[in-house]
Amino acid sequence: MSDEVRGIAEKQGGLETRNRILKAAEECFARYGYDSTGVAEICKAAAISKGALYHHFPSKQAIFVEMFENWMNGFAGQMERIRDSAASVPDALLKMVRMTGLIFQKAAGQLPLFIEFLTKASREPETWKATIAPYKFFRDFFSGLIRRGIEEGTIRKVDPELTARIIVSFGAGLVMQGVFDPEGGHWVQVGVQGINTLLKGMIEEGTE
């Protein structure tokens, strides 16, 4: 076996082990909770040694941060695809909020874990910094989207950063309500109505 082929095989094997650790950790966190899950439980579920786990992740916190980032990256990818294919910015915003139902389904078993983890992470500056990074991404994402709307003439000249913060706050609150109180309202419909209300104050006349 050549060095190049050996290197590829080792890389693939390492990736498989890393993914197995992430899957095992997700199952353990869902079953026992973040705080009650130890490295030993994750190793047992993944059928690996502690040395193998620490080769890929320095701590349990690092495993959870990567899980969170993977979840958020998948969501971000969906948002970017909608942005790139939408006819206009208002159309993109409405399509994004209609995607909320899928987010509820994916977040239902994970959001309580995220909240438990965030409570712990708030006391660890580096972990906290990594955990809240996706929120900065979404603020930047929506401020860029609003700027695009202003440039294309479908959005009034509003403050992009402030508007982005409002959208992110609305979206986060909507997801939390939908996950914790699924029977409390038709949350996708609430989301559409909320974005429509916001758009009424931002859409340029003659572009509706």
# chains A, B, ... in the order shown; residues from 1 in each chain; ligands from 1

$ residues_around --residues "Lys136 (chain A)" --least-positions-apart "6" --cutoff "12 Å" --atoms "only C-alpha atoms" --output "PyMOL selection string"
chain A and resi 72+76+129-130+142-143+161+164-165+168-169

$ write_last_selection --atoms "N, CA and C atoms" --output "compact mmCIF listing (two decimals), in the first residue's frame"
# COMPACT_ATOMS: atom_id res chain seq x y z
N MET A 72 -26.58 23.56 13.07
CA MET A 72 -26.74 24.93 12.59
C MET A 72 -26.24 25.08 11.16
N ALA A 76 -28.23 26.50 8.07
CA ALA A 76 -27.69 27.62 7.29
C ALA A 76 -27.64 27.28 5.81
N LYS A 129 -18.12 31.17 23.55
CA LYS A 129 -17.81 31.89 22.31
C LYS A 129 -18.10 31.03 21.09
N ALA A 130 -17.70 29.75 21.15
CA ALA A 130 -17.94 28.85 20.02
C ALA A 130 -19.42 28.57 19.83
N PHE A 142 -28.80 37.78 7.60
CA PHE A 142 -30.01 38.55 7.36
C PHE A 142 -29.71 40.03 7.08
N SER A 143 -28.66 40.57 7.67
CA SER A 143 -28.32 41.96 7.34
C SER A 143 -27.89 42.04 5.87
N GLU A 161 -28.66 46.05 10.07
CA GLU A 161 -28.22 45.35 11.27
C GLU A 161 -29.35 45.23 12.29
N ALA A 164 -31.95 42.80 11.02
CA ALA A 164 -31.46 41.43 11.14
C ALA A 164 -31.61 40.93 12.57
N ARG A 165 -31.31 41.76 13.55
CA ARG A 165 -31.45 41.36 14.95
C ARG A 165 -32.92 41.07 15.28
N VAL A 168 -33.77 37.63 13.70
CA VAL A 168 -33.17 36.52 14.44
C VAL A 168 -33.88 36.31 15.77
N SER A 169 -34.20 37.41 16.45
CA SER A 169 -34.92 37.30 17.72
C SER A 169 -36.30 36.69 17.52

$ residues_around --residues "region 186-197 of chain A" --least-positions-apart "5" --cutoff "8 Å" --atoms "only C-alpha atoms" --output "list in words"
Leu93, Leu94, Val97, Arg98, Met99, Thr100, Gly101, Gly171, Leu174, Gln177 and Gly178 of chain A

$ residues_around --residues "Arg83 (chain A)" --least-positions-apart "3" --cutoff "9 Å" --atoms "only C-alpha atoms" --output "VMD selection string"
chain A and resid 78 to 80 86 to 89 91 to 93 95 to 96 145

$ write_last_selection --atoms "N, CA and C atoms" --output "tab-separated table (two decimals), in the first residue's frame"
chain	number	residue	atom	x	y	z
A	78	GLN	N	-29.65	25.35	4.15
A	78	GLN	CA	-31.01	25.46	3.62
A	78	GLN	C	-31.38	26.92	3.37
A	79	MET	N	-31.00	27.77	4.32
A	79	MET	CA	-31.31	29.20	4.18
A	79	MET	C	-30.60	29.79	2.96
A	80	GLU	N	-29.36	29.41	2.77
A	80	GLU	CA	-28.59	29.94	1.64
A	80	GLU	C	-29.18	29.49	0.31
A	86	ALA	N	-34.58	32.38	-4.59
A	86	ALA	CA	-35.80	33.18	-4.45
A	86	ALA	C	-35.85	34.30	-5.49
A	87	ALA	N	-37.06	34.67	-5.89
A	87	ALA	CA	-37.24	35.72	-6.89
A	87	ALA	C	-36.92	37.09	-6.34
A	88	SER	N	-37.12	37.27	-5.02
A	88	SER	CA	-36.86	38.56	-4.38
A	88	SER	C	-36.59	38.32	-2.91
A	89	VAL	N	-36.15	39.34	-2.21
A	89	VAL	CA	-35.88	39.21	-0.77
A	89	VAL	C	-37.17	38.95	0.02
A	91	ASP	N	-39.78	37.43	-0.98
A	91	ASP	CA	-40.11	36.04	-1.30
A	91	ASP	C	-39.21	35.08	-0.52
A	92	ALA	N	-37.93	35.41	-0.40
A	92	ALA	CA	-36.98	34.56	0.34
A	92	ALA	C	-37.37	34.48	1.82
A	93	LEU	N	-37.72	35.62	2.42
A	93	LEU	CA	-38.08	35.64	3.84
A	93	LEU	C	-39.31	34.79	4.11
A	95	LYS	N	-40.39	32.24	2.29
A	95	LYS	CA	-40.04	30.83	2.10
A	95	LYS	C	-39.25	30.30	3.29
A	96	MET	N	-38.39	31.13	3.85
A	96	MET	CA	-37.60	30.72	5.01
A	96	MET	C	-38.48	30.44	6.22
A	145	LEU	N	-28.97	40.02	3.54
A	145	LEU	CA	-30.20	39.82	2.76
A	145	LEU	C	-31.00	41.12	2.66

$ atom_distance --atom1 "CA of Gly149 (chain A)" --atom2 "CA of Thr131 (chain A)"
29.3 Å

$ select_by_dssp --residues "chain A" --states "alpha helix (DSSP H)" --output "count of residues only"
163

$ atom_distance --atom1 "CA of Phe138 (chain A)" --atom2 "CA of Arg31 (chain A)"
29.8 Å

$ atom_distance --atom1 "CA of Asp140 (chain A)" --atom2 "CA of Val175 (chain A)"
19.4 Å
